[in-house]
Amino acid sequence: MINVAQKLKEYKAEIEAQSATLVAISKTKPSALIQEAYDAGQRHFGENKAQELKAKAEELPPDIQWHMVGHLQRNKIKYIAQYVYLIHSVDSLKLLEAINKEAIKNNRTINVLLQVHIAREETKFGLSKEELVVLLKDAELAKLQNISIAGLMGMATNTADTSLVSKEFASLKATFDRIKEDFFANNGSFCFLSMGMSGDYQLALAHGSTMVRIGSAIFGARNYE
């Protein structure tokens with residue numbers, strides 16, 4: 001049986017030594033296991049289903065910072081708007097508008113990351129670099145006062161070809177730097193570059209990731225419904 005506290009300690013030490021944040025991906029895991037990680041000092045947890053995030057947020061300590069890492073449907077935002085710390089997977093103006101609407105209802109500002117498509121797999125979501133610039137230039141975006149664009153997120157190709165993954169991470173870091181300079185030069189809240197998971201987080205850190213997402217390596221094999 002996996003020792004959650006020990007695994008967590010190992011990963012946190014390595015990741016935080018490079019000034020990055022570890023998001024423990026707790027999707028499908030029971031609250032008791034998340035509580036164990038919480039008791040070991042972890043505060044950032046990631047879920048991919050809105051209603052599961054809501055249920056866990058209502059059961060677990062209130063200072064947990066919940067991350068929505070899965071593709072988010074607009075009609076599910078209402079479930080997480082009260083609880084979510086950061087939504088990683090935003091890829092359209094319509095989704096931003098829907099998040100802003102729910103943020104207003106909850107009298108808060110919701111942090112989001114814009115997802116950029118960097119992988120060779122068409123099944124992965126995200127904006128192209130050109131679409132990203134178009135979105136940031138859209139006059140409608142400036143009207144959304146209850147969201148805060150806090151950075152970018154990307155998922156590399158699922159491959160053993162580390163040179164390809166490195167190129168994809170390097171490309172996203174270059175995009176992040178350019179977007180920061182062109183659109184958020186005086187905005188300190190644009191600071192997160194979320195890239196890297198259990199299999200490629202070390203490459204991601206080497207290319208400037210500030211936030212990595214690790215699940216099964218900490219909690220054990222994923223539970224499937």
# chains A, B, ... in the order shown; residues from 1 in each chain; ligands from 1
$ residues_around --residues "A:Gly151" --least-positions-apart "5" --cutoff "6 Å" --atoms "only C-alpha atoms" --output "MDAnalysis selection string"
chainID A and resid 113 190:193
$ residues_around --residues "A:Gln202" --least-positions-apart "5" --cutoff "10 Å" --atoms "only C-alpha atoms" --output "VMD selection string"
chain A and resid 14 to 15 196 to 197 207 209 212
$ write_last_selection --atoms "all heavy atoms" --output "CSV table (one decimal), in the first residue's frame"
chain,number,residue,atom,x,y,z
A,14,GLU,N,11.2,18.1,-4.0
A,14,GLU,CA,11.9,18.3,-5.3
A,14,GLU,C,11.3,19.4,-6.1
A,14,GLU,O,12.0,20.2,-6.7
A,14,GLU,CB,11.7,17.0,-6.1
A,14,GLU,CG,12.3,17.0,-7.5
A,14,GLU,CD,12.0,15.7,-8.3
A,14,GLU,OE1,11.3,14.8,-7.8
A,14,GLU,OE2,12.6,15.6,-9.4
A,15,ILE,N,9.9,19.5,-6.1
A,15,ILE,CA,9.3,20.5,-6.9
A,15,ILE,C,9.4,21.9,-6.3
A,15,ILE,O,9.7,22.9,-7.0
A,15,ILE,CB,7.8,20.1,-7.0
A,15,ILE,CG1,7.7,18.9,-7.9
A,15,ILE,CG2,7.0,21.3,-7.6
A,15,ILE,CD1,6.3,18.2,-7.8
A,196,GLY,N,3.3,19.8,-17.0
A,196,GLY,CA,4.0,18.7,-16.4
A,196,GLY,C,3.1,17.9,-15.5
A,196,GLY,O,2.4,18.4,-14.6
A,197,MET,N,3.2,16.5,-15.7
A,197,MET,CA,2.4,15.6,-14.9
A,197,MET,C,3.4,14.5,-14.4
A,197,MET,O,4.6,14.6,-14.6
A,197,MET,CB,1.3,15.0,-15.7
A,197,MET,CG,0.3,16.1,-16.1
A,197,MET,SD,-1.2,15.5,-17.0
A,197,MET,CE,-0.5,14.9,-18.5
A,207,HIS,N,12.0,23.4,-18.1
A,207,HIS,CA,11.7,24.4,-19.1
A,207,HIS,C,10.8,25.5,-18.5
A,207,HIS,O,10.2,26.2,-19.2
A,207,HIS,CB,10.9,23.7,-20.2
A,207,HIS,CG,11.8,22.9,-21.1
A,207,HIS,ND1,12.1,21.6,-20.9
A,207,HIS,CD2,12.6,23.3,-22.2
A,207,HIS,CE1,13.0,21.1,-21.8
A,207,HIS,NE2,13.3,22.2,-22.6
A,209,SER,N,8.3,25.4,-15.8
A,209,SER,CA,7.0,25.3,-15.2
A,209,SER,C,7.0,25.8,-13.8
A,209,SER,O,8.0,25.6,-13.1
A,209,SER,CB,6.6,23.8,-15.2
A,209,SER,OG,5.4,23.6,-14.5
A,212,VAL,N,3.1,21.9,-11.3
A,212,VAL,CA,3.0,20.6,-11.9
A,212,VAL,C,1.9,19.8,-11.2
A,212,VAL,O,1.5,20.0,-10.1
A,212,VAL,CB,4.3,19.8,-11.8
A,212,VAL,CG1,5.4,20.5,-12.6
A,212,VAL,CG2,4.7,19.6,-10.4
$ residues_around --residues "A:Ala156" --least-positions-apart "6" --cutoff "7 Å" --atoms "only C-alpha atoms" --output "NGL selection string"
:A and (118-119 or 165 or 168-169)
$ residues_around --residues "A:Ser198" --least-positions-apart "5" --cutoff "9 Å" --atoms "only C-alpha atoms" --output "PyMOL selection string"
chain A and resi 212-217
$ closest_residue --among "A:Glu130, A:Ile87, A:Phe176, A:Ser194" --to "A:Ile147" --atoms "only C-alpha atoms"
A:Ile87
$ atom_distance --atom1 "atom CA of A:Val23" --atom2 "atom CA of A:His44"
5.0 Å
